[in-house]
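*Asks:* I am sharing my_file.cif, which consists of mmCIF, C-alpha atoms and all ligand atoms:
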```cif
data_my_file
#
loop_
_atom_site.label_atom_id
_atom_site.label_comp_id
_atom_site.auth_asym_id
_atom_site.auth_seq_id
_atom_site.Cartn_x
_atom_site.Cartn_y
_atom_site.Cartn_z
CA MET D 2 144.32 3.01 -85.40
CA LEU D 3 143.34 4.65 -82.11
CA THR D 4 139.92 6.22 -81.79
CA LEU D 5 138.65 8.57 -79.12
CA ALA D 6 134.92 8.08 -78.63
CA ILE D 7 132.28 10.20 -76.94
CA GLU D 8 128.84 9.04 -75.78
CA SER D 9 126.12 11.40 -74.55
CA THR D 10 122.73 10.22 -75.81
CA ALA D 11 120.99 10.11 -72.43
CA HIS D 12 122.00 9.88 -68.74
CA THR D 13 125.64 8.81 -69.26
CA PHE D 14 128.54 10.92 -70.48
CA GLY D 15 131.28 8.56 -71.55
CA ALA D 16 134.67 8.74 -73.24
CA SER D 17 136.82 5.86 -74.39
CA VAL D 18 139.93 5.04 -76.36
CA ILE D 19 139.71 1.87 -78.45
CA ASN D 20 141.94 0.46 -81.18
CA SER D 21 140.99 -1.04 -84.55
CA LYS D 22 141.35 -4.59 -83.20
CA GLY D 23 138.60 -3.89 -80.67
CA LYS D 24 140.93 -3.53 -77.67
CA ILE D 25 139.46 -1.07 -75.17
CA LEU D 26 142.28 1.03 -73.70
CA SER D 27 140.01 3.11 -71.51
CA ASP D 28 136.29 3.45 -70.86
CA ILE D 29 135.29 6.27 -68.50
CA ARG D 30 131.64 6.92 -67.65
CA ASP D 31 129.82 9.44 -65.52
CA MET D 32 126.12 8.78 -65.08
CA TYR D 33 123.50 11.31 -64.03
CA GLN D 34 121.54 9.70 -61.18
CA THR D 35 118.82 10.76 -58.78
CA GLU D 36 117.56 9.54 -55.42
CA LYS D 37 113.85 9.98 -56.05
CA GLU D 38 112.83 11.81 -59.22
CA GLY D 39 113.31 10.77 -62.89
CA LEU D 40 115.48 12.15 -65.70
CA GLU D 41 115.12 15.87 -66.42
CA PRO D 42 116.65 16.63 -69.84
CA ARG D 43 117.97 20.09 -68.89
CA LYS D 44 119.62 18.80 -65.72
CA VAL D 45 121.15 15.87 -67.61
CA ALA D 46 122.62 18.20 -70.24
CA ASP D 47 124.04 20.47 -67.50
CA HIS D 48 125.64 17.40 -65.92
CA HIS D 49 127.27 16.49 -69.26
CA GLU D 50 128.48 20.05 -69.79
CA ASN D 51 130.03 20.16 -66.30
CA ILE D 52 131.92 16.86 -66.45
CA GLY D 53 132.49 16.35 -70.22
CA ASP D 54 136.05 17.74 -70.47
CA THR D 55 137.21 15.90 -67.35
CA VAL D 56 135.82 12.56 -68.56
CA ILE D 57 137.53 12.93 -71.96
CA LEU D 58 140.90 13.87 -70.45
CA GLU D 59 140.64 10.99 -67.98
CA ALA D 60 139.98 8.55 -70.86
CA ILE D 61 143.11 9.78 -72.69
CA LYS D 62 145.18 9.61 -69.50
CA LYS D 63 143.96 6.12 -68.56
CA ALA D 64 144.73 4.85 -72.09
CA LYS D 65 148.33 6.09 -71.60
CA ILE D 66 148.43 7.72 -75.04
CA LYS D 67 149.16 11.17 -76.38
CA ILE D 68 146.50 13.19 -78.17
CA GLY D 69 148.68 12.98 -81.29
CA ASP D 70 148.16 9.17 -81.35
CA ILE D 71 144.41 9.60 -81.91
CA LYS D 72 143.49 9.18 -85.58
CA LEU D 73 139.68 9.39 -85.35
CA ILE D 74 137.03 10.90 -83.10
CA SER D 75 133.71 9.07 -83.04
CA PHE D 76 130.60 10.39 -81.31
CA SER D 77 126.96 9.41 -80.79
CA GLN D 78 124.95 11.35 -83.35
CA GLY D 79 121.59 9.88 -82.28
CA PRO D 80 119.04 8.75 -81.39
CA GLY D 81 118.81 10.38 -77.99
CA LEU D 82 117.84 13.40 -75.92
CA PRO D 83 118.57 16.47 -78.06
CA LEU D 84 120.11 18.54 -75.26
CA SER D 85 122.42 15.69 -74.22
CA LEU D 86 123.42 14.92 -77.80
CA VAL D 87 124.38 18.55 -78.37
CA GLU D 88 126.83 18.46 -75.43
CA GLY D 89 128.63 15.39 -76.85
CA MET D 90 128.73 16.84 -80.33
CA LYS D 91 130.06 20.21 -79.12
CA LEU D 92 133.02 18.61 -77.33
CA SER D 93 133.70 16.19 -80.21
CA LYS D 94 133.81 19.06 -82.70
CA GLU D 95 136.04 21.13 -80.41
CA PHE D 96 138.56 18.29 -80.05
CA SER D 97 138.41 17.48 -83.75
CA LYS D 98 139.06 21.09 -84.75
CA LYS D 99 141.71 21.84 -82.13
CA PHE D 100 143.83 18.76 -82.97
CA SER D 101 142.82 18.33 -86.67
CA ILE D 102 141.46 14.81 -86.14
CA PRO D 103 138.72 13.50 -88.47
CA LEU D 104 135.28 13.29 -86.89
CA ILE D 105 132.61 10.68 -87.52
CA GLY D 106 129.05 10.56 -86.14
CA VAL D 107 127.52 7.12 -85.59
CA ASN D 108 124.17 5.60 -84.70
CA HIS D 109 124.03 4.73 -81.01
CA ILE D 110 121.82 1.65 -81.53
CA CYS D 111 124.08 0.19 -84.24
CA ALA D 112 126.91 0.67 -81.73
CA HIS D 113 125.04 -1.40 -79.09
CA LEU D 114 124.52 -4.16 -81.67
CA GLU D 115 128.08 -4.21 -83.00
CA ILE D 116 129.80 -4.16 -79.59
CA GLY D 117 127.49 -7.06 -78.66
CA LYS D 118 128.72 -9.01 -81.69
CA LEU D 119 132.35 -8.14 -80.93
CA MET D 120 132.09 -9.24 -77.30
CA THR D 121 130.08 -12.44 -77.77
CA LYS D 122 131.27 -13.53 -81.26
CA ALA D 123 127.62 -13.94 -82.32
CA LYS D 124 127.54 -13.85 -86.13
CA ASN D 125 124.10 -13.04 -87.43
CA PRO D 126 121.69 -12.99 -84.50
CA VAL D 127 118.22 -11.72 -83.75
CA PHE D 128 118.94 -8.81 -81.38
CA VAL D 129 116.77 -8.11 -78.37
CA PHE D 130 117.58 -4.48 -77.69
CA VAL D 131 116.07 -3.32 -74.41
CA SER D 132 117.23 -0.05 -72.91
CA GLY D 133 115.84 3.06 -71.26
CA ALA D 134 114.68 4.46 -74.57
CA ASN D 135 114.15 1.43 -76.80
CA SER D 136 112.63 -2.04 -76.90
CA GLN D 137 113.24 -3.49 -80.34
CA ILE D 138 113.66 -6.90 -81.89
CA ILE D 139 116.16 -6.36 -84.71
CA ALA D 140 117.84 -8.53 -87.34
CA HIS D 141 120.04 -7.86 -90.36
CA GLU D 142 117.97 -8.88 -93.36
CA GLY D 143 118.05 -7.82 -97.02
CA GLY D 144 121.11 -5.58 -96.60
CA LYS D 145 120.07 -3.56 -93.55
CA TYR D 146 119.07 -3.77 -89.92
CA ARG D 147 115.29 -4.14 -89.74
CA ILE D 148 113.02 -3.81 -86.73
CA PHE D 149 110.76 -6.86 -86.51
CA GLY D 150 108.95 -5.88 -83.35
CA GLU D 151 108.97 -3.03 -80.87
CA CYS D 152 107.11 -1.01 -78.28
CA LEU D 153 106.50 2.48 -79.62
CA SER D 154 104.75 4.01 -76.62
CA ILE D 155 107.32 3.43 -73.84
CA ALA D 156 110.54 1.40 -73.76
CA LEU D 157 111.10 -1.46 -71.32
CA GLY D 158 113.72 0.39 -69.23
CA ASN D 159 111.58 3.52 -69.19
CA ALA D 160 108.53 1.48 -68.18
CA LEU D 161 110.47 -0.03 -65.26
CA ASP D 162 111.78 3.41 -64.29
CA LYS D 163 108.24 4.85 -64.42
CA PHE D 164 106.96 2.14 -62.10
CA GLY D 165 110.01 2.68 -59.88
CA ARG D 166 109.23 6.41 -59.69
CA ALA D 167 105.74 5.64 -58.37
CA LEU D 168 107.38 3.46 -55.71
CA GLY D 169 109.95 6.20 -54.89
CA LEU D 170 112.90 4.08 -56.01
CA GLY D 171 114.79 6.87 -57.85
CA PHE D 172 116.68 6.50 -61.14
CA PRO D 173 117.60 4.00 -62.52
CA ALA D 174 114.89 1.81 -61.01
CA GLY D 175 115.49 -1.35 -63.09
CA PRO D 176 118.15 -2.90 -60.79
CA LYS D 177 116.07 -2.12 -57.67
CA ILE D 178 112.96 -3.68 -59.24
CA GLU D 179 115.04 -6.77 -60.07
CA SER D 180 116.05 -7.11 -56.39
CA LEU D 181 112.50 -6.54 -55.10
CA ALA D 182 111.13 -9.06 -57.64
CA LYS D 183 113.25 -11.78 -56.03
CA LEU D 184 111.25 -11.25 -52.81
CA GLY D 185 107.86 -11.52 -54.60
CA LYS D 186 105.71 -14.45 -53.46
CA LYS D 187 102.60 -14.30 -55.63
CA TYR D 188 101.86 -13.54 -59.28
CA VAL D 189 99.44 -10.62 -59.69
CA GLU D 190 97.49 -10.71 -62.96
CA LEU D 191 98.56 -7.85 -65.28
CA PRO D 192 97.59 -7.02 -68.90
CA TYR D 193 99.64 -9.08 -71.39
CA THR D 194 99.59 -7.19 -74.70
CA VAL D 195 101.27 -8.53 -77.83
CA LYS D 196 99.92 -7.08 -81.08
CA GLY D 197 101.34 -8.96 -84.05
CA MET D 198 105.08 -8.56 -83.57
CA ASP D 199 104.78 -5.48 -81.33
CA VAL D 200 104.46 -5.30 -77.57
CA GLU D 201 102.71 -2.69 -75.42
CA PHE D 202 104.16 -1.74 -72.03
CA SER D 203 102.33 1.49 -71.15
CA GLY D 204 98.99 0.02 -70.00
CA ILE D 205 100.64 -2.60 -67.83
CA VAL D 206 102.69 -0.01 -65.92
CA THR D 207 99.63 2.18 -65.28
CA HIS D 208 97.74 -0.90 -64.09
CA ALA D 209 100.60 -1.91 -61.78
CA ILE D 210 100.84 1.63 -60.33
CA ASN D 211 97.09 1.63 -59.64
CA LEU D 212 97.35 -1.73 -57.87
CA PHE D 213 100.26 -0.39 -55.79
CA LYS D 214 98.14 2.62 -54.77
CA LYS D 215 95.40 0.19 -53.69
CA GLY D 216 97.85 -1.57 -51.37
CA GLU D 217 99.21 -4.51 -53.43
CA SER D 218 102.67 -5.55 -52.24
CA LYS D 219 105.55 -3.88 -54.10
CA GLU D 220 107.58 -7.11 -54.14
CA ASP D 221 104.72 -9.07 -55.75
CA LEU D 222 104.13 -6.29 -58.27
CA CYS D 223 107.84 -6.07 -59.22
CA TYR D 224 107.90 -9.84 -59.70
CA SER D 225 104.67 -9.87 -61.74
CA LEU D 226 105.69 -6.88 -63.84
CA GLN D 227 108.99 -8.50 -64.79
CA GLU D 228 107.39 -11.89 -65.53
CA THR D 229 104.68 -10.38 -67.75
CA MET D 230 106.76 -7.85 -69.68
CA PHE D 231 109.64 -10.26 -70.22
CA ALA D 232 107.28 -13.04 -71.40
CA MET D 233 105.86 -10.66 -74.02
CA LEU D 234 109.37 -9.97 -75.31
CA VAL D 235 110.32 -13.64 -75.36
CA GLU D 236 107.21 -14.47 -77.40
CA VAL D 237 108.04 -11.91 -80.08
CA THR D 238 111.72 -12.89 -80.12
CA GLU D 239 110.82 -16.51 -80.71
CA ARG D 240 108.64 -15.54 -83.66
CA ALA D 241 111.38 -13.33 -85.12
CA LEU D 242 113.82 -16.28 -84.88
CA ALA D 243 111.39 -18.48 -86.82
CA HIS D 244 110.55 -15.77 -89.36
CA CYS D 245 114.19 -14.90 -90.13
CA ASP D 246 115.31 -18.51 -89.86
CA LYS D 247 118.17 -17.56 -87.52
CA ASN D 248 119.66 -19.56 -84.68
CA GLU D 249 121.26 -16.94 -82.42
CA VAL D 250 119.77 -14.41 -80.01
CA LEU D 251 121.86 -11.52 -78.70
CA LEU D 252 120.52 -9.53 -75.75
CA ILE D 253 121.79 -5.94 -75.54
CA GLY D 254 120.93 -2.59 -73.90
CA GLY D 255 120.78 -1.57 -70.25
CA VAL D 256 117.98 -4.00 -69.30
CA ALA D 257 120.22 -6.88 -70.51
CA ALA D 258 121.75 -6.66 -67.03
CA ASN D 259 118.56 -8.29 -65.69
CA GLN D 260 119.26 -11.93 -64.80
CA ARG D 261 115.62 -13.04 -64.96
CA LEU D 262 115.26 -11.72 -68.54
CA CYS D 263 118.47 -13.58 -69.48
CA GLU D 264 117.11 -16.76 -67.91
CA MET D 265 113.79 -16.57 -69.78
CA LEU D 266 115.44 -15.96 -73.15
CA LYS D 267 117.94 -18.74 -72.47
CA ILE D 268 115.14 -21.25 -71.82
CA MET D 269 113.35 -20.27 -75.05
CA CYS D 270 116.60 -20.55 -77.05
CA LYS D 271 117.38 -23.95 -75.57
CA GLU D 272 113.94 -25.24 -76.59
CA ARG D 273 114.52 -23.97 -80.16
CA LYS D 274 118.12 -25.23 -80.26
CA ALA D 275 119.31 -21.66 -80.77
CA LYS D 276 122.31 -20.03 -79.07
CA PHE D 277 121.72 -17.31 -76.51
CA TYR D 278 124.31 -14.57 -76.00
CA PRO D 279 123.86 -11.87 -73.35
CA VAL D 280 126.21 -8.94 -73.80
CA PRO D 281 128.57 -8.75 -70.75
CA VAL D 282 126.79 -6.70 -68.07
CA LYS D 283 129.62 -4.14 -68.05
CA TYR D 284 128.85 -3.31 -71.68
CA SER D 285 125.04 -3.63 -71.58
CA GLY D 286 124.29 0.03 -70.81
CA ASP D 287 125.51 3.21 -72.44
CA HIS D 288 129.26 3.67 -72.76
CA ALA D 289 131.67 5.19 -75.27
CA ALA D 290 133.75 2.12 -76.24
CA MET D 291 130.90 0.90 -78.45
CA ILE D 292 130.78 4.31 -80.16
CA GLY D 293 134.50 4.03 -80.88
CA TRP D 294 134.14 0.52 -82.29
CA GLN D 295 131.24 1.62 -84.51
CA GLY D 296 133.32 4.56 -85.78
CA ILE D 297 136.21 2.20 -86.62
CA LEU D 298 133.87 -0.16 -88.52
CA GLU D 299 132.42 2.67 -90.59
CA TYR D 300 135.39 5.00 -91.06
CA LYS D 301 137.01 3.34 -94.07
CA LYS D 302 133.67 2.36 -95.65
CA ARG D 303 131.82 5.61 -96.05
CA ARG D 304 132.12 9.26 -96.92
CA ILE D 305 132.49 11.52 -93.87
CA GLU D 306 129.84 14.25 -93.68
CA LYS D 307 131.04 17.87 -93.64
CA ASN D 308 128.29 19.52 -91.62
CA ILE D 309 127.65 16.95 -88.93
CA ASP D 310 124.60 17.55 -86.73
CA ILE D 311 122.72 15.56 -84.09
CA LYS D 312 119.94 13.16 -85.17
CA PRO D 313 117.65 12.75 -82.13
CA GLY D 314 115.10 10.52 -83.90
CA TRP D 315 117.50 8.42 -86.01
CA ARG D 316 116.06 4.92 -86.43
CA ILE D 317 118.30 1.96 -87.05
CA ASP D 318 116.46 0.98 -90.23
CA GLN D 319 117.57 4.30 -91.76
CA VAL D 320 121.27 3.42 -91.40
CA LYS D 321 123.25 2.17 -94.42
CA THR D 322 125.14 -0.81 -93.00
CA VAL D 323 128.13 -0.33 -95.31
CA TRP D 324 130.44 -2.24 -92.92
CA ILE D 325 128.45 -5.48 -93.17
CA LYS D 326 129.14 -7.70 -96.18
P1 LIG M 401 119.41 3.95 -75.16
O1 LIG M 401 120.63 3.08 -74.99
O2 LIG M 401 118.38 3.35 -76.02
O3 LIG M 401 119.76 5.36 -75.54
P2 LIG M 401 119.33 4.50 -72.35
O4 LIG M 401 120.56 5.26 -72.59
O5 LIG M 401 118.33 5.16 -71.49
O6 LIG M 401 118.70 4.09 -73.74
P3 LIG M 401 120.72 2.17 -71.17
O7 LIG M 401 121.86 2.81 -70.45
O8 LIG M 401 121.07 1.23 -72.24
O9 LIG M 401 119.58 3.12 -71.69
O10 LIG M 401 119.83 1.45 -70.07
C1 LIG M 401 119.31 2.10 -68.95
C2 LIG M 401 118.05 1.40 -68.52
O11 LIG M 401 118.36 0.05 -68.10
C3 LIG M 401 117.34 2.06 -67.36
O12 LIG M 401 115.98 2.19 -67.71
C4 LIG M 401 117.54 1.08 -66.21
O13 LIG M 401 116.47 1.09 -65.27
C5 LIG M 401 117.62 -0.23 -66.93
N1 LIG M 401 118.33 -1.28 -66.17
C6 LIG M 401 119.63 -1.26 -65.75
N2 LIG M 401 119.90 -2.38 -65.03
C7 LIG M 401 118.75 -3.11 -65.00
C8 LIG M 401 118.39 -4.35 -64.40
N3 LIG M 401 119.24 -5.08 -63.69
N4 LIG M 401 117.11 -4.79 -64.58
C9 LIG M 401 116.23 -4.06 -65.31
N5 LIG M 401 116.52 -2.89 -65.88
C10 LIG M 401 117.76 -2.41 -65.73
#
```
Translate the structure described by the file into structure tokens.
Ligand code: ATP

*Replies:*
Amino acid sequence: MLTLAIESTAHTFGASVINSKGKILSDIRDMYQTEKEGLEPRKVADHHENIGDTVILEAIKKAKIKIGDIKLISFSQGPGLPLSLVEGMKLSKEFSKKFSIPLIGVNHICAHLEIGKLMTKAKNPVFVFVSGANSQIIAHEGGKYRIFGECLSIALGNALDKFGRALGLGFPAGPKIESLAKLGKKYVELPYTVKGMDVEFSGIVTHAINLFKKGESKEDLCYSLQETMFAMLVEVTERALAHCDKNEVLLIGGVAANQRLCEMLKIMCKERKAKFYPVPVKYSGDHAAMIGWQGILEYKKRRIEKNIDIKPGWRIDQVKTVWIK
């Protein structure tokens, strides 16, 4: 079964064609980027509106299929920026109606988790999901995905981007901070805040920005920020592993591209005799292939809604994981 998938939760508009065996026939992405400023929701939505059709047609062309071969359209229903979600939903509905293809809306975070499992062959891991909008430690327990720890104030990727904005690094700042961190020579003390199973990233970023304004070196601050924030995440992940009695960790989301974070989690896993799986960098950030795979997993297992709408605040623990035995 061939599925056409559409992703538009945040900065990236993506379209992909994927089959029911998990083979990705095409995966086209167009990311809204800036030189200096951050993400402005209206501008991001305009970007998606301008390039949406072209990206979808390119995905169909690259997959070398005809529209008639597509048996399902899957799109990101949430969580995400409302204006961006609307653009993806509008195009998905248009395609579905025009070509009479069934439409399914899926949870974007579930899609990150499931493509991670597909790509790494991890079976039942503790997920470390770190992206622009989320930092969550998740595991499937008692019949659903549960969040064991998180940062509610600001996500890890967002925190890095905020610091990057203060340094004038543009968006996304995460990769640039990773490069600068490699040049850092000294550790600058920053607030380390773990509360139970939750972490807090907002105070640390403000503190780091203030130190930068006072003349602290940007390389040292990038290095110290990464070391401190990543250590907080590793601590909570280790506790989740012990609590859930699991022996696999799967790192997913855009910040999974960070090699230092991978290294720190790998060391912790080795010490606990657990397996560490980072999702391949190419599939760590937002893309539509994962939305297609999630649609395929769910399509035969649940009733398709009639009046599909966006769900900007849809948490993963509200999803019925009907595709997991
Ligand atoms: P979500 O997937 O939860 O909707 P999102 O769409 O904003 O959030 P992703 O595309 O998964 O996020 O990730 C983007 C984030 O990843 C940005 O904040 C970016 O700075 C960060 N990022 C990308 N590469 C790296 C890297 N090498 N090191 C650190 N952060 C990175």

*Asks:* Taking (131.0, -0.1, -85.2) in the file's coordinates, which residues come within 10 Å, counting only C-alpha atoms, written as a count of residues only?

*Replies:* 27

*Asks:* Can you measure CA of Ile74 (chain D) to CA of Phe100 (chain D) for me? One decimal in Å is fine.

*Replies:*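 Computed distance, CA of Ile74 (chain D) to CA of Phe100 (chain D), equals 10.4 Å.
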
*Asks:* I'd like the neighbourhood of region 238-246 of chain D as a list in words, where a residue qualifies if any of its atoms comes within 7 Å (using all atoms listed in the file), though same-chain residues fewer than 4 positions away should be ignored.

*Replies:*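 Result of the neighbour search: Val127, Ile138, Phe149 and Leu234 of chain D.
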
*Asks:* As lines of an AutoDock Vina configuration file, what would the box around ligand LIG 401 (chain M) look like: edges along x, y and z, 4 Å added on every side, centre and edge lengths in Å to one decimal?

*Replies:*
```
center_x = 118.9
center_y = 0.1
center_z = -69.9
size_x = 13.9
size_y = 18.4
size_z = 20.3
```

*Asks:* Grab the CA of Glu59 (chain D) to CA of Phe172 (chain D) distance for me, in Å with one decimal place.

*Replies:* 25.3 Å

*Asks:* CA of Pro281 (chain D) and CA of Met32 (chain D) are how many Å apart?

*Replies:*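 CA of Met32 (chain D) lies 18.6 Å from CA of Pro281 (chain D).
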